[in-house]
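Pasted below: start32.cif, mmCIF, C-alpha atoms and all ligand atoms.
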data_work
loop_
_atom_site.label_atom_id
_atom_site.label_comp_id
_atom_site.auth_asym_id
_atom_site.auth_seq_id
_atom_site.Cartn_x
_atom_site.Cartn_y
_atom_site.Cartn_z
CA MET A 1 6.44 9.50 10.08
CA LEU A 2 5.93 9.02 13.80
CA GLY A 3 7.54 12.40 14.53
CA THR A 4 5.55 14.06 11.75
CA MET A 5 2.26 12.56 12.94
CA HIS A 6 2.93 13.67 16.51
CA ALA A 7 3.54 17.18 15.19
CA TRP A 8 0.32 16.97 13.19
CA TRP A 9 -1.79 16.04 16.23
CA ALA A 10 -0.12 18.58 18.49
CA LEU A 11 -1.07 21.30 16.03
CA GLN A 12 -4.66 20.03 15.94
CA ARG A 13 -4.67 20.40 19.74
CA GLY A 14 -3.55 24.02 19.44
CA ASP A 15 0.04 23.44 20.59
CA GLU A 16 3.13 25.07 19.18
CA VAL A 17 5.55 22.53 17.66
CA VAL A 18 9.25 22.39 16.87
CA GLN A 19 10.18 19.24 14.91
CA ILE A 20 13.88 18.49 14.72
CA GLU A 21 15.34 16.11 12.11
CA CYS A 22 19.05 15.32 11.94
CA ASP A 23 19.12 14.69 8.18
CA ALA A 24 18.58 17.42 5.59
CA GLU A 25 15.46 15.42 4.68
CA ALA A 26 14.28 12.23 6.36
CA ARG A 27 16.13 9.23 4.91
CA SER A 28 15.10 6.38 7.21
CA ALA A 29 12.34 3.76 7.36
CA SER A 30 9.52 6.23 6.71
CA VAL A 31 10.73 7.05 3.20
CA ARG A 32 12.12 3.58 2.36
CA ASN A 33 8.88 1.69 2.89
CA PHE A 34 6.13 0.51 0.52
CA GLY A 35 3.69 3.15 1.70
CA LEU A 36 1.20 0.40 2.42
CA VAL A 37 -1.54 1.12 4.91
CA TRP A 38 -1.89 -2.57 5.57
CA VAL A 39 -4.88 -3.50 7.70
CA SER A 40 -5.20 -7.01 6.28
CA GLY A 41 -2.23 -8.48 8.12
CA ARG A 42 -2.84 -7.06 11.59
CA ARG A 43 -3.35 -9.27 14.65
CA ASP A 44 -6.85 -9.53 16.15
CA GLY A 45 -7.42 -7.24 19.13
CA ALA A 46 -5.53 -4.05 19.99
CA GLU A 47 -3.35 -4.17 16.86
CA LEU A 48 -6.30 -4.48 14.47
CA ASP A 49 -8.30 -1.85 16.37
CA LEU A 50 -5.39 0.57 16.08
CA ALA A 51 -4.95 -0.21 12.38
CA LEU A 52 -8.64 0.38 11.65
CA ARG A 53 -8.51 3.71 13.47
CA ALA A 54 -5.32 4.63 11.59
CA ARG A 55 -6.91 3.71 8.25
CA GLU A 56 -9.77 6.10 9.04
CA LEU A 57 -7.31 8.85 9.99
CA TRP A 58 -5.16 8.33 6.88
CA GLU A 59 -8.21 8.83 4.72
CA GLN A 60 -9.08 12.07 6.55
CA ILE A 61 -5.51 13.38 6.35
CA GLY A 62 -5.38 12.36 2.68
CA VAL A 63 -8.29 14.66 1.95
CA ARG A 64 -6.48 17.60 3.56
CA VAL A 65 -3.04 16.75 2.16
CA SER A 66 -3.48 15.65 -1.44
CA GLY A 67 0.31 15.41 -1.87
CA LEU A 68 0.26 12.29 0.33
CA GLY A 69 -1.16 10.36 -2.59
CA PHE A 70 -3.63 8.46 -0.40
CA ARG A 71 -5.44 5.79 -2.46
CA PRO A 72 -8.08 3.47 -0.92
CA HIS A 73 -7.14 0.78 -3.44
CA GLY A 74 -7.35 -2.37 -1.33
CA SER A 75 -5.10 -5.38 -1.85
CA LEU A 76 -5.08 -8.84 -3.38
CA THR A 77 -3.23 -11.62 -1.58
CA VAL A 78 -2.83 -14.06 -4.44
CA ALA A 79 -2.94 -17.89 -4.39
CA LEU A 80 -0.83 -19.55 -7.08
CA ASP A 81 -1.95 -23.12 -6.33
CA GLY A 82 -4.75 -25.15 -4.77
CA ALA A 83 -3.15 -25.42 -1.32
CA GLU A 84 -2.72 -21.65 -1.03
CA ALA A 85 -6.29 -21.20 -2.26
CA ALA A 86 -7.65 -23.66 0.32
CA ALA A 87 -5.92 -21.79 3.18
CA MET A 88 -7.27 -18.47 1.93
CA GLN A 89 -10.80 -19.82 1.55
CA ALA A 90 -10.66 -21.09 5.14
CA TYR A 91 -9.56 -17.64 6.25
CA ALA A 92 -12.28 -15.89 4.23
CA ALA A 93 -14.95 -17.99 5.96
CA GLY A 94 -13.97 -16.66 9.41
CA ASP A 95 -14.79 -13.60 11.44
CA GLY A 96 -11.30 -12.11 10.94
CA ALA A 97 -12.00 -11.64 7.24
CA ARG A 98 -15.24 -9.82 7.96
CA GLN A 99 -13.53 -7.43 10.42
CA ARG A 100 -10.89 -6.56 7.82
CA ARG A 101 -13.40 -6.37 4.95
CA THR A 102 -11.74 -9.27 3.16
CA GLU A 103 -13.38 -11.68 0.73
CA TRP A 104 -12.30 -14.64 -1.39
CA LEU A 105 -12.22 -14.30 -5.18
CA ASP A 106 -11.55 -17.10 -7.68
CA GLY A 107 -9.00 -16.53 -10.46
CA ALA A 108 -11.48 -14.81 -12.79
CA GLY A 109 -12.75 -12.67 -9.89
CA ALA A 110 -9.20 -11.59 -9.00
CA ARG A 111 -8.55 -10.58 -12.62
CA ALA A 112 -11.82 -8.67 -12.73
CA VAL A 113 -10.75 -6.63 -9.67
CA ASN A 114 -7.17 -6.17 -10.86
CA PRO A 115 -6.71 -6.86 -14.60
CA ALA A 116 -2.91 -6.68 -14.16
CA VAL A 117 -3.11 -10.14 -12.52
CA GLY A 118 -2.43 -11.93 -15.80
CA GLY A 119 -0.73 -15.08 -14.48
CA VAL A 120 -2.33 -18.47 -13.84
CA VAL A 121 -3.71 -17.79 -10.35
CA ALA A 122 -6.03 -19.92 -8.24
CA GLY A 123 -7.72 -16.95 -6.59
CA ALA A 124 -7.05 -14.20 -4.07
CA LEU A 125 -8.09 -12.59 -0.82
CA TRP A 126 -9.41 -9.12 -1.63
CA CYS A 127 -9.04 -6.78 1.34
CA HIS A 128 -11.02 -3.60 0.84
CA SER A 129 -9.45 -1.88 3.88
CA ASP A 130 -5.85 -1.72 2.65
CA ALA A 131 -4.62 1.54 1.16
CA ILE A 132 -1.53 3.26 -0.26
CA VAL A 133 0.37 6.49 0.40
CA GLU A 134 3.46 7.87 -1.38
CA SER A 135 6.13 7.45 1.26
CA ARG A 136 8.90 9.28 -0.61
CA VAL A 137 6.88 12.51 -0.61
CA ALA A 138 4.37 12.09 2.24
CA LEU A 139 6.49 13.71 4.97
CA ALA A 140 7.22 16.81 2.91
CA ALA A 141 3.56 17.07 1.86
CA MET A 142 2.41 16.99 5.48
CA ARG A 143 5.01 19.57 6.48
CA THR A 144 3.85 21.93 3.73
CA GLU A 145 0.31 21.71 5.10
CA MET A 146 1.52 22.20 8.71
CA ALA A 147 3.65 25.19 7.73
CA VAL A 148 0.47 27.06 6.80
CA ASN A 149 -0.12 27.10 10.54
CA GLY A 150 2.24 29.67 12.07
CA ARG A 151 2.73 27.47 15.15
CA TYR A 152 4.90 24.86 13.36
CA ARG A 153 8.65 25.00 12.82
CA PHE A 154 10.68 22.24 11.12
CA ILE A 155 14.42 22.29 11.74
CA ALA A 156 16.39 19.97 9.44
CA GLY A 157 20.08 19.06 9.64
CA ARG A 158 20.26 19.31 13.43
CA ARG A 159 20.95 16.24 15.56
CA VAL A 160 19.52 16.39 19.06
CA ARG A 161 22.49 15.50 21.23
CA GLU A 162 21.11 15.93 24.69
CA ARG A 163 17.88 16.30 26.62
CA ARG A 164 17.44 17.93 30.01
CA GLY A 165 13.86 17.50 31.14
CA THR A 166 11.64 19.03 28.48
CA GLU A 167 14.48 20.97 26.89
CA VAL A 168 16.61 19.50 24.10
CA ILE A 169 19.99 20.67 22.84
CA ASP A 170 20.98 20.14 19.21
CA HIS A 171 24.51 19.54 17.89
CA CYS A 172 24.97 23.25 17.21
CA GLY A 173 24.28 23.97 20.88
CA GLU A 174 20.87 25.53 20.25
CA ARG A 175 18.33 24.85 23.00
CA HIS A 176 14.68 24.10 22.30
CA GLY A 177 12.36 24.06 25.31
CA GLY A 178 8.72 23.07 25.64
CA ASP A 179 6.05 21.51 27.82
CA ALA A 180 6.53 18.07 26.29
CA VAL A 181 9.17 16.19 24.30
CA ILE A 182 8.24 13.25 22.09
CA VAL A 183 11.32 11.23 21.14
CA CYS A 184 10.63 9.55 17.76
CA THR A 185 14.12 8.49 16.75
CA GLY A 186 13.10 5.31 14.92
CA ALA A 187 15.70 2.54 14.92
CA GLU A 188 18.41 4.72 16.57
CA HIS A 189 18.20 2.95 19.89
CA ASP A 190 21.70 4.09 20.88
CA GLY A 191 21.33 7.83 20.21
CA LEU A 192 19.14 10.28 22.10
CA ASP A 193 17.79 8.77 25.34
CA ALA A 194 19.93 5.69 24.69
CA GLU A 195 19.72 4.57 28.33
CA HIS A 196 15.96 4.24 28.02
CA LEU A 197 15.77 2.91 24.45
CA SER A 198 18.60 0.41 24.68
CA ALA A 199 16.99 -1.11 27.78
CA ALA A 200 13.51 -1.23 26.20
CA PRO A 201 12.25 -4.48 24.62
CA LEU A 202 13.17 -3.41 21.09
CA ARG A 203 15.09 -4.91 18.19
CA ARG A 204 15.95 -3.78 14.69
CA CYS A 205 14.92 -5.40 11.42
CA ARG A 206 16.59 -4.89 8.02
CA LEU A 207 14.70 -5.30 4.73
CA GLN A 208 15.70 -5.30 1.06
CA MET A 209 13.54 -3.52 -1.53
CA MET A 210 13.56 -2.58 -5.22
CA GLN A 211 11.70 -0.41 -7.68
CA THR A 212 11.07 -0.93 -11.40
CA ALA A 213 10.89 1.59 -14.22
CA PRO A 214 7.35 2.89 -14.81
CA ALA A 215 5.22 -0.04 -15.98
CA GLU A 216 2.72 0.08 -18.84
CA LEU A 217 0.24 -1.98 -16.82
CA SER A 218 -1.98 -0.46 -14.17
CA LEU A 219 -2.32 -2.14 -10.76
CA THR A 220 -5.72 -1.31 -9.35
CA THR A 221 -4.79 -2.88 -5.98
CA SER A 222 -1.54 -3.60 -4.19
CA ILE A 223 -0.50 -7.26 -4.31
CA ALA A 224 0.88 -9.80 -1.84
CA ASP A 225 1.75 -13.44 -2.42
CA ALA A 226 0.57 -16.30 -0.24
CA ASP A 227 3.82 -16.25 1.75
CA SER A 228 2.41 -13.23 3.55
CA MET A 229 0.15 -15.73 5.39
CA ARG A 230 3.31 -17.19 6.96
CA TYR A 231 4.41 -13.75 8.09
CA TYR A 232 1.39 -11.69 9.16
CA PRO A 233 -0.30 -12.37 12.52
CA ALA A 234 -3.82 -12.02 11.05
CA TYR A 235 -3.29 -15.55 9.72
CA GLU A 236 -1.71 -17.04 12.85
CA HIS A 237 -4.69 -19.34 13.54
CA LEU A 238 -4.69 -20.80 10.02
CA ASP A 239 -3.39 -24.28 9.33
CA LEU A 240 -0.66 -23.67 6.73
CA SER A 241 0.82 -27.19 6.88
CA GLY A 242 -0.57 -27.99 3.40
CA LEU A 243 1.43 -25.22 1.70
CA ALA A 244 4.41 -26.25 -0.42
CA PRO A 245 7.70 -25.38 1.32
CA GLN A 246 9.26 -22.03 0.39
CA PRO A 247 12.50 -22.18 -1.63
CA PRO A 248 15.65 -21.98 0.53
CA VAL A 249 16.37 -18.33 -0.42
CA ALA A 250 12.89 -17.32 0.82
CA VAL A 251 13.31 -19.28 4.06
CA ALA A 252 16.79 -17.88 4.71
CA ASN A 253 15.61 -14.30 4.17
CA ARG A 254 12.13 -14.70 5.71
CA MET A 255 10.52 -13.48 2.50
CA GLN A 256 7.11 -12.58 1.24
CA LEU A 257 6.18 -10.65 -1.90
CA LEU A 258 4.58 -7.23 -1.60
CA MET A 259 4.12 -5.09 -4.70
CA VAL A 260 2.62 -1.63 -4.97
CA GLN A 261 2.40 0.77 -7.87
CA ARG A 262 3.68 4.32 -7.40
CA LEU A 263 1.92 7.30 -8.91
CA ASP A 264 4.51 7.46 -11.72
CA GLY A 265 3.68 3.86 -12.68
CA SER A 266 6.80 2.22 -11.21
CA LEU A 267 6.43 -0.82 -8.96
CA THR A 268 7.88 -0.97 -5.44
CA ILE A 269 8.63 -4.61 -4.62
CA GLY A 270 9.99 -6.39 -1.54
CA ASP A 271 10.87 -7.82 0.94
CA THR A 272 13.27 -9.74 3.20
CA HIS A 273 13.76 -9.70 7.00
CA THR A 274 16.90 -10.03 9.12
CA TYR A 275 17.01 -9.16 12.83
CA ASP A 276 19.71 -7.71 15.05
CA ASP A 277 18.95 -10.21 17.82
CA ASP A 278 19.91 -13.05 15.44
CA PRO A 279 23.69 -13.60 15.72
CA THR A 280 23.81 -15.20 12.25
CA THR A 281 22.83 -11.93 10.55
CA GLN A 282 24.97 -9.62 12.68
CA PRO A 283 26.22 -7.06 11.96
CA PHE A 284 23.67 -6.01 9.32
CA ALA A 285 25.06 -6.17 5.77
CA PHE A 286 26.10 -2.81 4.34
CA ASP A 287 25.35 -4.00 0.81
CA VAL A 288 22.29 -5.63 -0.75
CA ASP A 289 22.29 -9.33 -1.62
CA GLU A 290 21.16 -10.25 -5.16
CA ALA A 291 19.71 -13.73 -4.46
CA PRO A 292 16.43 -12.59 -2.81
CA TYR A 293 15.73 -10.22 -5.70
CA GLY A 294 15.64 -13.14 -8.15
CA HIS A 295 13.00 -14.86 -6.02
CA LEU A 296 10.86 -11.70 -5.80
CA ILE A 297 11.04 -11.11 -9.56
CA GLU A 298 9.98 -14.73 -10.20
CA ARG A 299 6.98 -14.47 -7.85
CA ALA A 300 5.88 -11.08 -9.19
CA GLU A 301 6.13 -12.27 -12.80
CA ALA A 302 4.15 -15.44 -11.99
CA ILE A 303 1.31 -13.32 -10.60
CA LEU A 304 1.37 -10.70 -13.36
CA GLY A 305 1.92 -13.27 -16.13
CA ARG A 306 4.50 -11.04 -17.81
CA SER A 307 8.04 -9.74 -17.40
CA LEU A 308 8.65 -6.88 -15.02
CA PRO A 309 10.01 -3.59 -16.37
CA PRO A 310 13.75 -3.11 -15.69
CA ILE A 311 14.72 -2.66 -12.04
CA GLN A 312 15.90 0.93 -11.54
CA ARG A 313 16.57 1.09 -7.79
CA ARG A 314 17.53 -1.26 -4.96
CA TRP A 315 17.87 -0.31 -1.32
CA ALA A 316 17.70 -1.61 2.23
CA GLY A 317 15.90 -0.11 5.21
CA VAL A 318 15.88 -0.72 8.95
CA TYR A 319 12.97 -0.34 11.32
CA SER A 320 12.53 -0.60 15.06
CA GLN A 321 10.28 -3.37 16.31
CA LEU A 322 9.11 -4.70 19.66
CA ALA A 323 11.28 -7.67 20.63
CA PRO A 324 9.70 -11.04 21.45
CA THR A 325 10.36 -10.17 25.14
CA ALA A 326 7.88 -7.24 25.03
CA SER A 327 4.64 -7.66 26.98
CA ALA A 328 1.98 -9.68 25.21
CA GLY A 329 -0.53 -7.42 23.53
CA ALA A 330 1.81 -4.41 23.23
CA VAL A 331 1.74 -3.01 19.68
CA TYR A 332 4.57 -0.47 19.88
CA HIS A 333 6.87 1.06 22.47
CA HIS A 334 5.47 3.98 24.49
CA GLY A 335 7.98 4.77 27.22
CA GLU A 336 7.40 7.61 29.70
CA ILE A 337 10.97 8.60 30.50
CA GLU A 338 10.02 11.38 32.89
CA PRO A 339 7.04 13.73 33.23
CA GLY A 340 6.31 15.25 29.82
CA VAL A 341 8.92 13.14 28.01
CA VAL A 342 7.81 10.12 26.00
CA ALA A 343 9.73 7.83 23.64
CA VAL A 344 7.57 6.38 20.88
CA THR A 345 9.03 3.78 18.53
CA GLY A 346 9.03 0.05 17.74
CA PRO A 347 5.90 -0.26 15.58
CA GLY A 348 7.81 -2.66 13.32
CA GLY A 349 6.67 -3.33 9.77
CA ARG A 350 3.33 -1.66 10.49
CA GLY A 351 4.67 1.77 11.49
CA MET A 352 3.51 3.59 8.37
CA THR A 353 0.07 2.04 8.76
CA LEU A 354 -0.33 2.84 12.44
CA ALA A 355 1.45 6.22 12.71
CA PRO A 356 -1.62 8.52 12.81
CA ALA A 357 -3.38 6.41 15.45
CA ILE A 358 -0.20 5.99 17.54
CA ALA A 359 0.29 9.77 17.62
CA GLU A 360 -3.33 10.30 18.56
CA GLN A 361 -2.90 7.84 21.46
CA THR A 362 0.27 9.56 22.71
CA TRP A 363 -1.48 12.90 23.04
CA GLU A 364 -4.53 11.28 24.66
CA ARG A 365 -2.23 9.64 27.22
CA LEU A 366 -0.34 12.88 27.86
CA GLY A 367 -3.58 14.83 28.34
CA THR A 368 -3.32 18.59 28.36
C1 LIG B 401 11.87 -1.29 3.76
C2 LIG B 401 10.72 -1.03 4.69
C3 LIG B 401 9.41 -1.25 4.26
C4 LIG B 401 8.34 -0.97 5.12
N1 LIG B 401 7.06 -1.03 4.64
C5 LIG B 401 6.03 -0.62 5.42
C6 LIG B 401 4.73 -0.50 4.89
O1 LIG B 401 4.50 -0.63 3.70
N2 LIG B 401 3.71 -0.20 5.75
C7 LIG B 401 3.93 0.02 7.08
O2 LIG B 401 2.97 0.23 7.81
N3 LIG B 401 5.19 0.04 7.58
C8 LIG B 401 6.23 -0.27 6.79
N4 LIG B 401 7.51 -0.26 7.28
C9 LIG B 401 7.73 0.15 8.65
C10 LIG B 401 7.68 1.67 8.77
O3 LIG B 401 8.35 2.27 7.68
C11 LIG B 401 8.32 2.11 10.10
O4 LIG B 401 7.74 1.41 11.17
C12 LIG B 401 8.10 3.60 10.31
O5 LIG B 401 8.49 4.33 9.17
C13 LIG B 401 8.87 4.07 11.54
O6 LIG B 401 8.74 5.46 11.61
P1 LIG B 401 9.60 6.29 12.64
O7 LIG B 401 9.23 7.71 12.44
O8 LIG B 401 9.47 5.69 13.99
O9 LIG B 401 11.12 5.99 12.24
P2 LIG B 401 12.14 6.64 11.10
O10 LIG B 401 11.43 6.68 9.81
O11 LIG B 401 13.35 5.82 11.25
O12 LIG B 401 12.32 8.10 11.61
C14 LIG B 401 13.14 8.46 12.69
C15 LIG B 401 13.73 9.82 12.35
O13 LIG B 401 14.42 10.32 13.48
C16 LIG B 401 15.59 10.99 13.03
N5 LIG B 401 16.51 11.03 14.17
C17 LIG B 401 17.03 9.98 14.85
N6 LIG B 401 17.79 10.43 15.88
C18 LIG B 401 17.75 11.78 15.85
C19 LIG B 401 18.33 12.81 16.66
N7 LIG B 401 19.11 12.54 17.72
N8 LIG B 401 18.08 14.11 16.33
C20 LIG B 401 17.28 14.44 15.27
N9 LIG B 401 16.71 13.48 14.47
C21 LIG B 401 16.93 12.18 14.78
C22 LIG B 401 16.07 10.12 11.86
O14 LIG B 401 16.93 10.82 11.00
C23 LIG B 401 14.75 9.73 11.22
O15 LIG B 401 14.37 10.62 10.16
C24 LIG B 401 8.60 -0.54 6.44
C25 LIG B 401 9.91 -0.32 6.87
C26 LIG B 401 10.97 -0.56 6.00
C27 LIG B 401 12.37 -0.31 6.46
#
Show me, as structure tokens, the structure contained in the file I just sent.
Amino acid sequence: MLGTMHAWWALQRGDEVVQIECDAEARSASVRNFGLVWVSGRRDGAELDLALRARELWEQIGVRVSGLGFRPHGSLTVALDGAEAAAMQAYAAGDGARQRRTEWLDGAGARAVNPAVGGVVAGALWCHSDAIVESRVALAAMRTEMAVNGRYRFIAGRRVRERRGTEVIDHCGERHGGDAVIVCTGAEHDGLDAEHLSAAPLRRCRLQMMQTAPAELSLTTSIADADSMRYYPAYEHLDLSGLAPQPPVAVANRMQLLMVQRLDGSLTIGDTHTYDDDPTTQPFAFDVDEAPYGHLIERAEAILGRSLPPIQRRWAGVYSQLAPTASAGAVYHHGEIEPGVVAVTGPGGRGMTLAPAIAEQTWERLGT
């Protein structure tokens, strides 16, 4: 998505663009994610500002590219007990909630906004700013729109092996030259421009996900559970000491529940987090572990008050994220490798959200 968004902005500027993808169709983080444009969780300051700008841009792009499936549906972060409700009410009373267009709803209010919330819930934070896109088809939809412009060329199935200044050479030996090269290779820190990326303050994070069969119910918002307050920096100033401890499986896998309905009615549900700078989870598992899925199903069913449809797909994905050693306040990695050559990666679990605004910033920084 970062590569695609950079192509999008370059075309808006009037540039000619060649986008090179090593897979026949992208298969990495940008198609494995929830497709959540998630403003609610972003940290105050530069990160929130960028997310708000990105949210605006997603809406504009969604109008031009209907195949993206952009929906301004907002989200409910649901409290299942009094302690979770108290923390959320404290949050809703603060300035952070106002900036993110978030309000507190009691249980009946949450059900009124999203009738699929049929469980016994104590209330919810309703964030009006959050939105959804269809990640499995968004890249192709944007490319179809860009292809209308004769200045865009997408080359799939070619791995860029080498870069010499602003010329790159793919694995078939074909050379592609330009005035600028934007390296958006995601979590491949040891591939193209490995010297730069492997020395940058970046780490990799692996997540487990699943998808149900199409559900009969209709989710009018995406849904998070209260564990997302432990995970997202928007809530970092909240006192969460009153919350009941998470079960061991959720602690071990650093879990929260996120649930979003796809256009075909199925539910995408996750997630877990393991990091490549944590020796206990290295190397990353090649298979998916069943235990976290049981926890996610339990939480989702408690919120919906009914059984989930059968699970049809399970997968894992890896994203690139700024390491704790990155400078305070940095939101993603923007590395100028040499004049006209920039590596852009490391947006972490907010990369889908931020992609349009990150690409806009890259081109502003590069100038003409
Ligand atoms: C399971 C999961 C759920 C997530 N959920 C969300 C969410 O809901 N909302 C959100 O905001 N973010 C989410 N994220 C994070 C988000 O998906 C990523 O931050 C974002 O997709 C990163 O985009 P990218 O383009 O940098 O990386 P990628 O999607 O990894 O793309 C990099 C591309 O570069 C290609 N490539 C690499 N090397 C070469 C080479 N040498 N030559 C040619 N091509 C090359 C790869 O094939 C790949 O297609 C999630 C991530 C995961 C894994």
Might I get the box with edges along x, y and z of the file that holds all atoms of ligand LIG 401 (chain B) listed there, padded by 6 Å on every side, given as centre and edge lengths in Å to one decimal, as JSON?
{"center_x": 11.0, "center_y": 6.6, "center_z": 10.7, "size_x": 28.1, "size_y": 27.7, "size_z": 26.0}
Practice problem: Residues within 7 Å of ligand LIG 401 (chain B), counting all atoms listed in the file: report them as a ChimeraX atom specification. | Solution: /A:1-3,20-23,26-38,158-161,184-188,191-192,206-209,316-320,345-354
Self-check item: 10 Å contact set for region 99-102 of chain A, all atoms listed in the file, chain neighbours under 6 positions out, as a PyMOL selection string
Solution: chain A and resi 39-42+44+48-49+51-52+74-76+91-93+124-130+234
Quiz prompt | Atom pair CA of Ala330 (chain A) / CA of Arg55 (chain A): separation (Å) | solution =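 These atoms are spaced 19.1 Å apart.
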Quiz prompt | Interatomic distance (Å, one decimal) between CA of Pro309 (chain A) and CA of Ile223 (chain A) | solution =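 Calculated distance between CA of Pro309 (chain A) and CA of Ile223 (chain A) is 16.4 Å.
Residue nearest Val331 (chain A), chosen from A:Ala300, A:Ala97, A:Leu202, A:Leu80 and counting only C-alpha atoms: A:Leu202.
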Self-check item: Proximity to Ala199 (chain A) - best of A:Gly335, A:Pro283, A:Pro233, A:Gly109, all atoms listed in the file
Solution: A:Gly335
Self-check item: Selected residue, from A:Ala224, A:Ala140, A:Val17, A:Ala326, that lies nearest to Leu257 (chain A) when counting all atoms listed in the file
Solution: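 Under the stated criterion, the closest residue is A:Ala224.
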Practice problem: Report the distance between CA of Met259 (chain A) and CA of Leu243 (chain A) in Å, rounded to one decimal place. | Solution: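 Computing the Euclidean distance for CA of Met259 (chain A) and CA of Leu243 (chain A) yields 21.3 Å.
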Quiz prompt | Selection near Pro201 (chain A), 10 Å with all atoms listed in the file, sequence-local residues under 6 positions removed, as JSON, numbers by chain | solution = {"A": [321, 322, 323, 324, 325, 326, 327, 332, 333, 346]}
Quiz item: Given the choices A:Ala116, A:Val18, A:Val342, A:Cys172, which gets closest to Gly150 (chain A) if the distance is worked out from only C-alpha atoms?
Solution: A:Val18
Quiz item: Using only C-alpha atoms, which of the listed residues (A:Asp227, A:Val113, A:Glu236, A:Ile269) sits closest to His73 (chain A)?
Solution: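 Closest to His73 (chain A), using only C-alpha atoms: A:Val113.
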Self-check item: Within 12 Å of Gly340 (chain A) using only C-alpha atoms, minus same-chain residues under 2 positions, as number ranges by chain
Solution: A: 164-167, 177-183, 335-338, 342-343, 362-363, 365-368
Can you write out the residues you just picked, keeping C-alpha atoms, as an mmCIF file, in the frame of the given file?
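Output saved as again.cif:
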data_model
loop_
_atom_site.group_PDB
_atom_site.id
_atom_site.type_symbol
_atom_site.label_atom_id
_atom_site.label_comp_id
_atom_site.auth_asym_id
_atom_site.auth_seq_id
_atom_site.Cartn_x
_atom_site.Cartn_y
_atom_site.Cartn_z
ATOM 1 C CA ARG A 164 17.440 17.930 30.010
ATOM 2 C CA GLY A 165 13.860 17.500 31.140
ATOM 3 C CA THR A 166 11.640 19.030 28.480
ATOM 4 C CA GLU A 167 14.480 20.970 26.890
ATOM 5 C CA GLY A 177 12.360 24.060 25.310
ATOM 6 C CA GLY A 178 8.720 23.070 25.640
ATOM 7 C CA ASP A 179 6.050 21.510 27.820
ATOM 8 C CA ALA A 180 6.530 18.070 26.290
ATOM 9 C CA VAL A 181 9.170 16.190 24.300
ATOM 10 C CA ILE A 182 8.240 13.250 22.090
ATOM 11 C CA VAL A 183 11.320 11.230 21.140
ATOM 12 C CA GLY A 335 7.980 4.770 27.220
ATOM 13 C CA GLU A 336 7.400 7.610 29.700
ATOM 14 C CA ILE A 337 10.970 8.600 30.500
ATOM 15 C CA GLU A 338 10.020 11.380 32.890
ATOM 16 C CA VAL A 342 7.810 10.120 26.000
ATOM 17 C CA ALA A 343 9.730 7.830 23.640
ATOM 18 C CA THR A 362 0.270 9.560 22.710
ATOM 19 C CA TRP A 363 -1.480 12.900 23.040
ATOM 20 C CA ARG A 365 -2.230 9.640 27.220
ATOM 21 C CA LEU A 366 -0.340 12.880 27.860
ATOM 22 C CA GLY A 367 -3.580 14.830 28.340
ATOM 23 C CA THR A 368 -3.320 18.590 28.360
#
Quiz item: Between A:Cys205, A:Trp315, A:Ala7, A:Glu360, which has the minimum distance to Tyr152 (chain A) (counting only C-alpha atoms)?
Solution: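 Looking at the shortest contact to Tyr152 (chain A), the residue is A:Ala7.
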Quiz item: Quick one: residues within 9 Å of region 287-293 of chain A, all atoms listed in the file counted, chain neighbours fewer than 3 positions away excluded, as a PyMOL selection string?
Solution: chain A and resi 208-210+249-250+253+255+270-272+284+296-298+314-316
